[in-house]
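To be precise, the following lines are target.txt, and they hold compact mmCIF, C-alpha atoms.
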```txt
# COMPACT_ATOMS: atom_id res chain seq x y z
CA MET A 1 30.39 -9.29 0.76
CA ARG A 2 29.95 -5.62 -0.07
CA THR A 3 28.80 -6.41 -3.60
CA LEU A 4 26.35 -8.98 -2.30
CA THR A 5 25.00 -6.47 0.21
CA ALA A 6 24.62 -3.89 -2.54
CA VAL A 7 22.73 -6.33 -4.77
CA LEU A 8 20.41 -7.29 -1.90
CA LEU A 9 19.78 -3.64 -1.08
CA LEU A 10 18.97 -2.90 -4.70
CA LEU A 11 16.65 -5.90 -4.83
CA GLY A 12 14.80 -4.70 -1.74
CA ALA A 13 14.57 -1.19 -3.16
CA THR A 14 13.20 -2.55 -6.45
CA LEU A 15 10.51 -4.52 -4.61
CA LEU A 16 9.49 -1.42 -2.66
CA GLN A 17 9.61 0.61 -5.86
CA VAL A 18 7.13 -1.72 -7.54
CA THR A 19 4.76 -2.35 -4.65
CA LEU A 20 4.53 0.51 -2.16
CA LEU A 21 6.24 3.60 -3.49
CA PRO A 22 4.11 4.18 -6.62
CA ARG A 23 1.30 5.05 -4.22
CA ILE A 24 3.34 7.94 -2.85
CA ARG A 25 2.96 10.51 -5.58
CA MET A 26 3.48 14.20 -5.97
CA LEU A 27 1.62 15.32 -9.09
CA GLN A 28 2.75 12.54 -11.47
CA GLY A 29 6.19 12.09 -9.96
CA SER A 30 7.18 9.23 -7.71
CA VAL A 31 10.24 8.38 -5.65
CA ASP A 32 13.08 6.55 -7.40
CA LEU A 33 14.27 4.54 -4.40
CA VAL A 34 16.50 2.31 -6.51
CA LEU A 35 18.50 5.31 -7.71
CA ILE A 36 18.76 6.74 -4.19
CA VAL A 37 19.96 3.42 -2.76
CA LEU A 38 22.38 2.94 -5.66
CA LEU A 39 24.03 6.34 -5.27
CA THR A 40 23.98 6.33 -1.48
CA TRP A 41 25.63 2.92 -1.38
CA MET A 42 28.23 3.88 -3.97
CA LEU A 43 29.24 6.95 -1.98
CA GLN A 44 29.55 5.24 1.40
CA GLU A 45 32.93 5.45 3.07
CA ASP A 46 35.19 2.55 2.12
CA ASN A 47 33.03 1.86 -0.94
CA ARG A 48 34.55 2.54 -4.33
CA PRO A 49 31.91 3.69 -6.80
CA ASP A 50 31.45 1.08 -9.47
CA TRP A 51 29.35 1.82 -12.55
CA ARG A 52 28.51 -1.90 -12.87
CA LEU A 53 26.15 -1.55 -9.92
CA GLY A 54 24.12 0.76 -12.16
CA LEU A 55 23.89 -2.06 -14.65
CA VAL A 56 22.51 -4.37 -11.96
CA ALA A 57 20.00 -1.71 -10.85
CA GLY A 58 18.90 -1.15 -14.45
CA LEU A 59 18.40 -4.88 -14.96
CA MET A 60 16.27 -5.16 -11.82
CA VAL A 61 14.07 -2.16 -12.63
CA GLY A 62 13.92 -3.22 -16.27
CA TYR A 63 12.50 -6.58 -15.25
CA ALA A 64 9.66 -4.86 -13.40
CA SER A 65 9.01 -2.10 -15.91
CA ALA A 66 7.27 -2.06 -19.25
CA LEU A 67 10.12 0.01 -20.63
CA PRO A 68 12.76 -1.96 -22.56
CA ASP A 69 15.53 -3.27 -20.32
CA LEU A 70 18.17 -1.50 -22.40
CA ILE A 71 16.67 1.91 -21.73
CA LEU A 72 16.71 1.46 -17.97
CA ILE A 73 20.12 -0.22 -17.99
CA ALA A 74 21.46 2.74 -19.93
CA GLY A 75 19.78 5.22 -17.56
CA TYR A 76 20.97 3.68 -14.29
CA THR A 77 24.45 2.93 -15.65
CA LEU A 78 24.78 6.54 -16.77
CA ALA A 79 23.67 7.70 -13.31
CA ALA A 80 26.25 5.40 -11.72
CA LEU A 81 28.92 6.67 -14.12
CA ILE A 82 28.11 10.26 -13.20
CA CYS A 83 28.44 9.34 -9.54
CA GLN A 84 31.74 7.60 -10.20
CA LEU A 85 33.07 10.60 -12.09
CA LEU A 86 32.05 13.06 -9.38
CA HIS A 87 33.41 10.95 -6.53
CA ARG A 88 36.23 12.90 -4.83
CA ARG A 89 36.90 14.74 -8.02
CA ILE A 90 34.74 17.82 -7.89
CA TRP A 91 33.89 18.09 -4.22
CA GLN A 92 35.42 16.34 -1.29
CA VAL A 93 32.18 16.65 0.68
CA ARG A 94 30.27 13.41 0.24
CA MET A 95 26.82 14.90 0.71
CA LEU A 96 27.36 17.44 -2.04
CA THR A 97 28.52 14.72 -4.39
CA LEU A 98 25.47 12.67 -3.44
CA LEU A 99 23.07 15.54 -4.08
CA THR A 100 24.66 16.39 -7.42
CA SER A 101 24.74 12.74 -8.49
CA LEU A 102 21.09 12.33 -7.56
CA LEU A 103 20.08 15.45 -9.46
CA LEU A 104 22.03 14.55 -12.59
CA GLY A 105 21.17 10.84 -12.33
CA THR A 106 17.42 11.53 -12.15
CA LEU A 107 17.65 13.89 -15.10
CA ALA A 108 19.68 11.34 -17.07
CA ILE A 109 17.21 8.51 -16.48
CA HIS A 110 14.21 10.68 -17.32
CA LEU A 111 15.88 12.08 -20.42
CA ILE A 112 16.71 8.62 -21.75
CA THR A 113 13.18 7.38 -20.95
CA LEU A 114 11.55 10.37 -22.60
CA SER A 115 13.76 10.04 -25.67
CA TYR A 116 12.68 6.43 -26.06
CA LEU A 117 9.00 7.32 -25.60
CA TRP A 118 9.21 10.11 -28.16
CA LEU A 119 10.96 7.85 -30.63
CA SER A 120 8.26 5.23 -30.14
CA ASP A 121 5.52 7.77 -31.02
CA ASN A 122 4.17 8.34 -27.54
CA PRO A 123 2.42 11.70 -27.50
CA LEU A 124 4.20 13.16 -24.48
CA SER A 125 4.48 16.88 -23.92
CA ALA A 126 8.00 17.88 -22.89
CA GLY A 127 6.65 20.63 -20.64
CA ASP A 128 4.21 18.30 -18.89
CA ALA A 129 6.86 15.63 -18.53
CA PHE A 130 9.30 18.05 -16.92
CA ASN A 131 6.84 19.95 -14.74
CA LEU A 132 4.58 17.11 -13.68
CA VAL A 133 6.97 14.16 -13.56
CA THR A 134 10.64 15.10 -13.43
CA LEU A 135 10.51 18.04 -11.01
CA PRO A 136 8.23 16.31 -8.47
CA THR A 137 10.36 13.17 -8.73
CA LEU A 138 13.47 15.23 -8.05
CA LEU A 139 11.86 16.80 -5.01
CA LEU A 140 10.65 13.46 -3.64
CA ASN A 141 14.09 11.95 -4.23
CA LEU A 142 15.73 14.78 -2.32
CA ILE A 143 13.25 14.41 0.54
CA LEU A 144 13.92 10.68 0.81
CA LEU A 145 17.67 11.03 0.37
CA LEU A 146 18.51 11.96 3.97
CA PRO A 147 16.68 9.11 5.75
CA VAL A 148 17.85 6.56 3.19
CA ASN A 149 21.40 7.85 3.52
CA ALA A 150 21.26 7.50 7.30
CA LEU A 151 19.83 4.00 7.02
CA ILE A 152 22.37 2.85 4.45
CA SER A 153 25.22 4.32 6.51
CA GLU A 154 24.10 2.33 9.53
CA LEU A 155 23.67 -0.79 7.43
CA ASN A 156 27.08 -0.26 5.92
CA LYS A 157 28.64 -0.15 9.37
CA LEU A 158 26.60 -3.08 10.59
CA ILE A 159 26.72 -5.49 7.69
CA ALA A 160 29.97 -4.66 6.01
CA PRO A 161 32.38 -3.12 8.51
CA PRO A 162 35.38 -1.28 7.06
CA ALA A 163 38.23 -3.52 6.05
CA ASN A 164 40.73 -1.81 8.37
CA SER A 165 38.59 -2.21 11.50
CA MET F 166 -23.28 -24.39 96.07
CA ARG F 167 -23.93 -26.36 92.98
CA PRO F 168 -27.65 -26.70 92.37
CA SER F 169 -28.85 -30.12 92.80
CA ARG F 170 -30.18 -31.82 89.71
CA ASN F 171 -33.01 -33.10 91.70
CA ASN F 172 -34.22 -29.66 92.79
CA PRO F 173 -37.10 -28.79 90.44
CA TYR F 174 -37.57 -25.31 91.83
CA GLN F 175 -34.06 -24.27 91.02
CA LEU F 176 -34.44 -25.62 87.49
CA ALA F 177 -37.73 -23.82 87.03
CA ALA F 178 -36.20 -20.58 88.35
CA LEU F 179 -33.31 -20.88 85.92
CA LEU F 180 -35.66 -21.52 83.00
CA VAL F 181 -37.82 -18.55 83.96
CA ALA F 182 -34.71 -16.36 84.27
CA ALA F 183 -33.39 -17.53 80.90
CA ALA F 184 -36.75 -16.98 79.25
CA GLY F 185 -36.93 -13.55 80.81
CA ILE F 186 -33.45 -12.59 79.55
CA LEU F 187 -34.33 -13.91 76.12
CA LEU F 188 -37.52 -11.92 76.01
CA LEU F 189 -35.72 -8.79 77.20
CA ALA F 190 -33.06 -9.29 74.54
CA LEU F 191 -35.66 -9.85 71.85
CA GLY F 192 -37.49 -6.79 73.01
CA GLY F 193 -34.31 -4.71 72.63
CA TYR F 194 -34.09 -3.79 76.26
CA LEU F 195 -30.65 -5.29 76.64
CA THR F 196 -29.10 -3.58 73.57
CA PRO F 197 -27.43 -0.70 75.47
CA LEU F 198 -26.05 -3.26 77.86
CA PHE F 199 -24.66 -5.39 74.99
CA ASN F 200 -23.28 -2.35 73.21
CA GLY F 201 -21.53 -1.21 76.31
CA ALA F 202 -20.10 -4.65 76.90
CA LEU F 203 -19.19 -5.48 73.27
CA GLY F 204 -17.86 -2.04 72.27
CA PRO F 205 -14.36 -2.50 73.67
CA VAL F 206 -14.24 -6.05 72.34
CA GLU F 207 -15.19 -4.91 68.85
CA GLY F 208 -12.61 -2.14 68.98
CA VAL F 209 -9.89 -4.61 69.89
CA GLN F 210 -11.14 -7.04 67.24
CA GLY F 211 -11.12 -4.32 64.52
CA TRP F 212 -7.64 -3.15 65.47
CA LEU F 213 -6.34 -6.70 65.40
CA TYR F 214 -8.05 -7.45 62.07
CA THR F 215 -6.69 -4.36 60.25
CA ARG F 216 -3.16 -5.00 61.54
CA PHE F 217 -3.37 -8.64 60.52
CA GLN F 218 -4.69 -7.65 57.08
CA ALA F 219 -1.85 -5.15 56.62
CA ILE F 220 0.71 -7.81 57.52
CA GLN F 221 -0.97 -10.30 55.19
CA ASP F 222 -0.96 -7.77 52.32
CA PHE F 223 2.69 -6.98 52.98
CA VAL F 224 3.61 -10.66 52.87
CA ASN F 225 1.51 -11.49 49.77
CA ALA F 226 2.06 -8.27 47.76
CA PRO F 227 5.06 -9.37 45.62
CA VAL F 228 3.22 -12.48 44.53
CA ASN F 229 0.17 -10.43 43.58
CA ILE F 230 2.21 -7.91 41.57
CA ALA F 231 3.93 -10.69 39.68
CA SER F 232 0.66 -12.40 38.91
CA LEU F 233 -0.95 -9.07 37.97
CA ARG F 234 1.90 -8.28 35.61
CA GLN F 235 1.59 -11.71 34.03
CA GLU F 236 -2.15 -11.28 33.69
CA ASN F 237 -1.63 -7.82 32.23
CA ALA F 238 0.83 -9.16 29.68
CA GLU F 239 -1.56 -11.96 28.75
CA LEU F 240 -4.41 -9.48 28.33
CA ARG F 241 -2.24 -7.21 26.21
CA ALA F 242 -1.25 -10.13 24.00
CA GLU F 243 -4.86 -11.17 23.71
CA ASN F 244 -5.84 -7.60 22.88
CA ALA F 245 -3.18 -7.40 20.16
CA GLN F 246 -4.36 -10.69 18.72
CA LEU F 247 -7.97 -9.51 18.70
CA GLN F 248 -6.95 -6.25 17.02
CA THR F 249 -5.13 -8.26 14.36
CA GLU F 250 -8.20 -10.43 13.87
CA ILE F 251 -10.38 -7.33 13.57
CA ILE F 252 -8.10 -5.89 10.86
CA ALA F 253 -8.04 -9.22 9.02
CA LEU F 254 -11.83 -9.47 9.21
CA GLN F 255 -12.24 -5.90 7.99
CA GLN F 256 -9.99 -6.70 5.05
CA GLN F 257 -12.03 -9.81 4.35
CA VAL F 258 -15.23 -7.77 4.44
CA THR F 259 -13.77 -5.22 2.01
CA GLU F 260 -12.50 -7.97 -0.26
CA GLY F 261 -15.86 -9.72 -0.04
CA GLU F 262 -17.69 -6.56 -1.05
CA LEU F 263 -15.29 -6.08 -3.94
CA LEU F 264 -15.70 -9.66 -5.10
CA SER F 265 -19.45 -9.34 -4.78
CA ALA F 266 -19.39 -6.26 -7.02
CA LEU F 267 -17.16 -8.07 -9.51
CA LEU F 268 -19.54 -11.01 -9.45
CA ASP F 269 -22.44 -8.70 -10.19
CA PHE F 270 -20.47 -7.27 -13.10
CA ALA F 271 -19.69 -10.75 -14.42
CA ARG F 272 -23.32 -11.88 -14.05
CA ALA F 273 -24.45 -8.86 -16.02
CA ARG F 274 -22.32 -10.08 -18.94
CA PRO F 275 -22.80 -13.82 -19.07
CA GLU F 276 -21.37 -14.03 -22.60
CA ASN F 277 -17.85 -13.41 -21.24
CA THR F 278 -15.60 -15.71 -19.26
CA TYR F 279 -13.57 -14.04 -16.54
CA GLN F 280 -10.44 -14.73 -14.58
CA ALA F 281 -10.08 -12.72 -11.39
CA ALA F 282 -6.63 -11.41 -10.50
CA SER F 283 -5.10 -9.25 -7.81
CA VAL F 284 -2.99 -6.21 -8.57
CA ILE F 285 0.44 -6.88 -7.06
CA GLY F 286 2.52 -4.02 -8.38
CA GLN F 287 2.84 -0.96 -10.53
CA ASP F 288 5.37 0.10 -13.11
CA PRO F 289 8.34 1.80 -11.44
CA SER F 290 8.56 4.40 -14.20
CA PRO F 291 6.38 7.47 -13.52
CA PHE F 292 5.97 7.99 -17.27
CA LEU F 293 4.09 4.73 -17.77
CA HIS F 294 0.78 3.57 -16.33
CA TYR F 295 0.99 -0.18 -16.05
CA VAL F 296 0.05 -2.59 -13.28
CA ILE F 297 1.17 -6.14 -12.62
CA ILE F 298 -1.41 -8.82 -11.78
CA ASN F 299 -0.88 -12.20 -10.16
CA ARG F 300 -2.21 -14.38 -13.00
CA GLY F 301 -0.29 -15.49 -16.05
CA SER F 302 -0.19 -17.99 -18.86
CA ASP F 303 -0.63 -20.87 -16.38
CA ASP F 304 -4.11 -19.46 -15.73
CA GLY F 305 -4.95 -19.13 -19.40
CA LEU F 306 -4.11 -15.45 -19.79
CA ARG F 307 -2.77 -14.25 -23.13
CA ARG F 308 -1.41 -11.03 -24.54
CA GLY F 309 -4.12 -8.60 -25.64
CA MET F 310 -6.87 -9.82 -23.32
CA PRO F 311 -9.03 -6.97 -21.96
CA VAL F 312 -9.03 -6.24 -18.24
CA VAL F 313 -12.03 -4.77 -16.46
CA SER F 314 -13.14 -3.97 -12.93
CA GLN F 315 -16.64 -3.71 -11.52
CA GLN F 316 -16.60 -0.05 -12.54
CA GLY F 317 -15.53 -0.43 -16.14
CA LEU F 318 -12.60 -0.87 -18.52
CA VAL F 319 -9.13 -1.00 -16.94
CA GLY F 320 -6.85 -1.83 -19.86
CA ARG F 321 -5.35 -4.82 -21.64
CA ILE F 322 -2.61 -7.34 -21.07
CA THR F 323 0.62 -6.51 -22.86
CA GLN F 324 3.02 -9.05 -21.43
CA VAL F 325 2.53 -12.45 -19.84
CA THR F 326 4.76 -14.71 -17.78
CA ALA F 327 3.79 -18.06 -16.29
CA THR F 328 2.46 -16.57 -13.07
CA ALA F 329 2.05 -12.84 -13.68
CA SER F 330 0.97 -10.40 -16.36
CA ARG F 331 1.53 -6.74 -17.14
CA VAL F 332 -1.56 -4.65 -17.86
CA GLU F 333 -1.44 -1.41 -19.80
CA LEU F 334 -4.01 0.94 -18.25
CA ILE F 335 -6.16 3.03 -20.54
CA THR F 336 -4.60 6.10 -18.89
CA ASP F 337 -1.13 5.20 -20.21
CA PRO F 338 0.21 7.74 -22.73
CA GLY F 339 0.58 4.95 -25.30
CA SER F 340 -2.95 3.58 -24.88
CA GLN F 341 -5.61 4.12 -27.53
CA VAL F 342 -9.16 2.76 -27.41
CA SER F 343 -11.92 3.08 -29.95
CA VAL F 344 -14.95 4.45 -28.13
CA ARG F 345 -18.56 5.33 -28.74
CA MET F 346 -20.41 8.09 -26.93
CA GLN F 347 -24.00 7.65 -25.81
CA PRO F 348 -26.65 8.75 -26.46
CA SER F 349 -25.14 10.45 -29.52
CA GLU F 350 -23.73 7.15 -30.92
CA VAL F 351 -20.67 9.02 -32.19
CA ASP F 352 -17.32 7.25 -32.42
CA GLY F 353 -13.94 8.59 -31.35
CA LEU F 354 -10.49 7.60 -30.26
CA LEU F 355 -9.67 7.64 -26.54
CA SER F 356 -6.07 8.34 -25.55
CA GLY F 357 -4.27 8.38 -22.22
CA SER F 358 -1.63 10.83 -21.11
CA VAL F 359 1.25 11.20 -18.72
CA THR F 360 -1.08 13.06 -16.35
CA SER F 361 -3.57 10.12 -16.38
CA GLN F 362 -6.15 12.32 -18.06
CA LEU F 363 -8.26 10.72 -20.75
CA SER F 364 -9.24 12.56 -23.90
CA ILE F 365 -11.18 11.65 -27.02
CA ASP F 366 -10.04 12.78 -30.45
CA LEU F 367 -11.44 12.35 -33.95
CA ILE F 368 -14.95 13.35 -32.96
CA PRO F 369 -16.79 14.79 -35.98
CA LEU F 370 -17.56 18.51 -35.72
CA GLU F 371 -21.26 17.97 -36.33
CA ALA F 372 -21.60 15.62 -33.37
CA ASN F 373 -23.62 17.09 -30.53
CA LEU F 374 -21.91 16.03 -27.32
CA GLN F 375 -22.79 17.08 -23.79
CA ALA F 376 -20.95 16.84 -20.50
CA GLY F 377 -22.19 13.73 -18.76
CA ASP F 378 -22.53 11.62 -21.92
CA LEU F 379 -21.40 8.05 -21.41
CA VAL F 380 -18.26 6.74 -23.07
CA LEU F 381 -18.15 3.04 -23.93
CA THR F 382 -15.87 0.83 -25.97
CA SER F 383 -17.01 0.58 -29.57
CA GLY F 384 -15.33 -2.70 -30.44
CA ILE F 385 -13.91 -1.15 -33.62
CA GLY F 386 -10.39 -2.33 -34.29
CA GLY F 387 -10.90 -5.61 -32.50
CA MET F 388 -8.74 -4.71 -29.52
CA TYR F 389 -11.58 -4.55 -26.98
CA PRO F 390 -15.08 -5.97 -26.82
CA GLY F 391 -17.86 -3.44 -27.31
CA ASN F 392 -20.08 -1.70 -24.77
CA ILE F 393 -17.75 -1.70 -21.76
CA LEU F 394 -18.13 1.47 -19.72
CA ILE F 395 -15.11 3.78 -19.65
CA GLY F 396 -16.47 6.95 -18.10
CA GLN F 397 -18.33 10.17 -18.73
CA ILE F 398 -17.50 13.19 -20.80
CA SER F 399 -16.46 16.05 -18.54
CA ASN F 400 -16.07 18.76 -21.16
CA VAL F 401 -16.04 19.20 -24.94
CA ARG F 402 -13.65 21.43 -26.87
CA ARG F 403 -14.55 22.64 -30.33
CA GLU F 404 -12.23 24.95 -32.22
CA ALA F 405 -13.33 26.72 -35.36
CA THR F 406 -10.21 25.86 -37.29
CA ALA F 407 -9.97 22.23 -36.17
CA LEU F 408 -11.20 19.30 -38.20
CA PHE F 409 -12.47 17.39 -35.19
CA GLN F 410 -13.78 18.00 -31.70
CA THR F 411 -11.99 16.76 -28.63
CA ALA F 412 -13.45 15.82 -25.28
CA SER F 413 -12.11 15.12 -21.82
CA VAL F 414 -13.30 12.03 -20.03
CA GLN F 415 -13.75 11.34 -16.33
CA PRO F 416 -12.93 7.62 -15.99
CA ALA F 417 -15.36 5.38 -14.15
CA VAL F 418 -12.51 3.33 -12.70
CA ASP F 419 -10.46 4.71 -9.81
CA PHE F 420 -7.02 3.69 -11.05
CA THR F 421 -5.34 4.67 -7.80
CA ARG F 422 -7.29 2.06 -5.86
CA LEU F 423 -7.17 -0.94 -8.15
CA GLU F 424 -7.05 -4.13 -6.08
CA ILE F 425 -8.86 -6.91 -7.90
CA VAL F 426 -9.58 -7.00 -11.61
CA LEU F 427 -11.24 -9.36 -14.07
CA VAL F 428 -9.56 -10.54 -17.23
CA ILE F 429 -11.91 -11.44 -20.09
CA VAL F 430 -10.29 -14.70 -21.15
CA ASN F 431 -12.65 -15.67 -23.98
CA PHE F 432 -11.99 -12.52 -25.99
CA GLN F 433 -9.48 -12.90 -28.81
CA PRO F 434 -8.08 -9.55 -29.92
CA LEU F 435 -7.81 -9.15 -33.68
CA ASP F 436 -4.59 -8.17 -35.36
CA ILE F 437 -5.69 -5.93 -38.20
CA SER F 438 -2.26 -4.48 -38.88
CA PRO F 439 -1.82 -6.53 -42.10
CA LEU F 440 -5.03 -4.94 -43.41
CA LEU F 441 -3.63 -1.49 -42.70
CA ASP F 442 -0.42 -2.20 -44.65
CA THR F 443 -0.40 0.05 -47.71
CA GLY F 444 2.04 -2.22 -49.53
CA GLU F 445 4.46 0.56 -50.38
```
Go ahead and render the structure in this file as structure tokens.
Amino acid sequence: MRTLTAVLLLLGATLLQVTLLPRIRMLQGSVDLVLIVLLTWMLQEDNRPDWRLGLVAGLMVGYASALPDLILIAGYTLAALICQLLHRRIWQVRMLTLLTSLLLGTLAIHLITLSYLWLSDNPLSAGDAFNLVTLPTLLLNLILLLPVNALISELNKLIAPPANS
Amino acid sequence: MRPSRNNPYQLAALLVAAAGILLLALGGYLTPLFNGALGPVEGVQGWLYTRFQAIQDFVNAPVNIASLRQENAELRAENAQLQTEIIALQQQVTEGELLSALLDFARARPENTYQAASVIGQDPSPFLHYVIINRGSDDGLRRGMPVVSQQGLVGRITQVTATASRVELITDPGSQVSVRMQPSEVDGLLSGSVTSQLSIDLIPLEANLQAGDLVLTSGIGGMYPGNILIGQISNVRREATALFQTASVQPAVDFTRLEIVLVIVNFQPLDISPLLDTGE
């Protein structure tokens, strides 16, 4: 049930990511709702972080993106792995883990994407990419993190109540 | 004392008296008398009427409030429906204007065959500038077909499914278009960037370009048909040590507001890569 809920949430986030959210831009950066939903869901109470959810997220975004599926699968799986590694290992406070995972996850996805684009002879400036895309995306992700976290927490309680309740 | 019916004098006296009273009343001479007599009656009548009306209002009020609330709810629902219709009609007007402009564009180029498509999504990666349109191979679309709007060149199709296609915009960092500037008739190579800015490279140093010059597709390379408007030159950069000039271009198409586009379906892009093979 929890896995199904997670997949449905990721599907909804992907649809929003493709249709509405690209219109919300800061410089050239845009919100990565799929990543936010993925990490927020993985760090909910009673949820055990599972890197395979990153694989599902990468597949969904890869289907909608012109980037090769493997690149996005690698990016989102790495972000999920980072989240899994940080979970109750570095900090006990969930919000700190979430913030750190989001920061490192965004950087990981962008780094993998940029590496692919450079290798495929796309003339991208590293400075422009970082200043105009990655930093604004990070900021937008952080802004959207709190409301999405609140929403996912409520959904988690509503749709998939804890097993011991 | 009852007057006899047979007494004509009494009858005549009564008639004269009645006529006299009537004339006095018509003349207004009896008004003070009537006012004095009717005043108390009217007062009583008014008092009774207002009390009766208050009782009637008290008895009927709940029914009226209920019916008023129902009527209010109905009017609100009707208002909401009308607002929805207004929005839908405004959208139809906007879409109609857009389609009209696209039709004008298509009529201006009768040699091409077009397939209209709606933009239904954008690439989720902020590094890429692609859009997704709602027409695919079922509608005759193929990879490489150019996509235009009423304002000018949008890009080309890079991937096709049965019902949808992915379009690489000319602003994408990986996009390159052979262009020709007018009126100078100089060729160059237009490239996109991650910031959506368009720039032209490989412009010969001797070319005399001015801000405001038009930029059109040249057709060289076989990827796009010729003479499709791309934009205007906004500034030209010439460095003494460089082999070529570069120029920035202000695109004619507003890529942030793409809604409906036209795919040129009778254009077959040429694959000249075998000719470029050096055979090493």
10 Å contact set for range 16-32 of chain A, all atoms listed in the file, chain neighbours under 2 positions out, as a ChimeraX atom specification: /A:10-14,34-37,61,64-65,102,106,128-145 /F:284-292,296-297,359-361,421-422
Looking at A:Met95, A:Ile112, A:Leu81, A:Ile90, which one is nearest to chain F, with distances taken over all atoms listed in the file?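 Of all the options, A:Ile112 lies closest to chain F.
Across A:Ala108, A:Ala126, A:Val7, A:Ile82, the tightest approach to chain F is made by A:Ala126 when counting all atoms listed in the file.
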Please measure the separation of CA of Arg402 in chain F and CA of Phe420 in chain F, giving the value in Å to one decimal. 24.7 Å
Separation of CA of Asn200 in chain F and CA of Leu180 in chain F, in Å?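 We find that CA of Asn200 in chain F and CA of Leu180 in chain F lie 24.8 Å from each other.
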Suppose you want the space between CA of Asn237 in chain F and CA of Thr215 in chain F; what is it in Å? 28.7 Å
Neighbours of Met42 in chain A within 12 Å (all atoms listed in the file; same-chain residues fewer than 5 positions away dropped), as a PDB file with C-alpha atoms, in the frame of the given file?
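Here's the written file selection08.pdb:
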```pdb
ATOM      1  CA  ARG A   2      29.950  -5.620  -0.070  1.00  0.00           C
ATOM      2  CA  THR A   3      28.800  -6.410  -3.600  1.00  0.00           C
ATOM      3  CA  THR A   5      25.000  -6.470   0.210  1.00  0.00           C
ATOM      4  CA  ALA A   6      24.620  -3.890  -2.540  1.00  0.00           C
ATOM      5  CA  VAL A   7      22.730  -6.330  -4.770  1.00  0.00           C
ATOM      6  CA  LEU A   9      19.780  -3.640  -1.080  1.00  0.00           C
ATOM      7  CA  LEU A  10      18.970  -2.900  -4.700  1.00  0.00           C
ATOM      8  CA  LEU A  35      18.500   5.310  -7.710  1.00  0.00           C
ATOM      9  CA  ILE A  36      18.760   6.740  -4.190  1.00  0.00           C
ATOM     10  CA  VAL A  37      19.960   3.420  -2.760  1.00  0.00           C
ATOM     11  CA  ASN A  47      33.030   1.860  -0.940  1.00  0.00           C
ATOM     12  CA  ARG A  48      34.550   2.540  -4.330  1.00  0.00           C
ATOM     13  CA  PRO A  49      31.910   3.690  -6.800  1.00  0.00           C
ATOM     14  CA  ASP A  50      31.450   1.080  -9.470  1.00  0.00           C
ATOM     15  CA  TRP A  51      29.350   1.820 -12.550  1.00  0.00           C
ATOM     16  CA  ARG A  52      28.510  -1.900 -12.870  1.00  0.00           C
ATOM     17  CA  LEU A  53      26.150  -1.550  -9.920  1.00  0.00           C
ATOM     18  CA  GLY A  54      24.120   0.760 -12.160  1.00  0.00           C
ATOM     19  CA  ALA A  79      23.670   7.700 -13.310  1.00  0.00           C
ATOM     20  CA  ALA A  80      26.250   5.400 -11.720  1.00  0.00           C
ATOM     21  CA  LEU A  81      28.920   6.670 -14.120  1.00  0.00           C
ATOM     22  CA  ILE A  82      28.110  10.260 -13.200  1.00  0.00           C
ATOM     23  CA  CYS A  83      28.440   9.340  -9.540  1.00  0.00           C
ATOM     24  CA  GLN A  84      31.740   7.600 -10.200  1.00  0.00           C
ATOM     25  CA  LEU A  85      33.070  10.600 -12.090  1.00  0.00           C
ATOM     26  CA  LEU A  86      32.050  13.060  -9.380  1.00  0.00           C
ATOM     27  CA  HIS A  87      33.410  10.950  -6.530  1.00  0.00           C
ATOM     28  CA  ARG A  94      30.270  13.410   0.240  1.00  0.00           C
ATOM     29  CA  THR A  97      28.520  14.720  -4.390  1.00  0.00           C
ATOM     30  CA  LEU A  98      25.470  12.670  -3.440  1.00  0.00           C
ATOM     31  CA  SER A 101      24.740  12.740  -8.490  1.00  0.00           C
ATOM     32  CA  LEU A 102      21.090  12.330  -7.560  1.00  0.00           C
ATOM     33  CA  ASN A 149      21.400   7.850   3.520  1.00  0.00           C
ATOM     34  CA  ILE A 152      22.370   2.850   4.450  1.00  0.00           C
ATOM     35  CA  SER A 153      25.220   4.320   6.510  1.00  0.00           C
ATOM     36  CA  ASN A 156      27.080  -0.260   5.920  1.00  0.00           C
TER      37      ASN A 156
END
```
Output as AutoDock Vina command-line options the centre and edge lengths (Å, one decimal) of the box along x, y and z of the file that holds every listed atom of range 180-184 of chain F after adding 3 Å on each side.
```
--center_x -35.6 --center_y -18.9 --center_z 81.8 --size_x 10.4 --size_y 11.2 --size_z 11.0
```
At a cut-off of 6 Å, using all atoms listed in the file, what residues contact Leu379 in chain F? Leave out same-chain residues fewer than 2 positions from it and give the result as an MDAnalysis selection string. chainID F and resid 346:347 397
For each of A:Val56, A:Leu107, A:Val93, A:Leu124, take the minimum atom-to-atom distance to chain F, counting all atoms listed in the file, then give the residue where this is smallest.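 Nearest candidate to chain F out of A:Val56, A:Leu107, A:Val93, A:Leu124: A:Leu124.
Ranking A:Leu67, A:Thr77, A:Leu8, A:Leu146 by their shortest atom-to-atom distance to chain F, with only C-alpha atoms included, puts A:Leu67 first.
Minimum distance to chain A across F:Glu424, F:Asp378, F:Glu207, F:Glu333 (counting all atoms listed in the file) occurs at F:Glu333.
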Quick one: of A:Leu114, A:Met1, A:Leu39, A:Leu59, who's nearest to chain F, counting all atoms listed in the file? A:Leu114
Give as a list of chain:residue names each residue that has an atom at most 10 Å from (-10.9, -3.3, -27.5) in the file, counting all atoms listed in the file.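 Taken together, the residues in range are F:Gly309, F:Met310, F:Pro311, F:Val312, F:Leu318, F:Gly320, F:Arg321, F:Gln341, F:Val342, F:Ser343, F:Val344, F:Thr382, F:Ser383, F:Gly384, F:Ile385, F:Gly386, F:Gly387, F:Met388, F:Tyr389, F:Pro390, F:Gly391, F:Asn392, F:Ile393, F:Phe432, F:Gln433, F:Pro434, F:Leu435.
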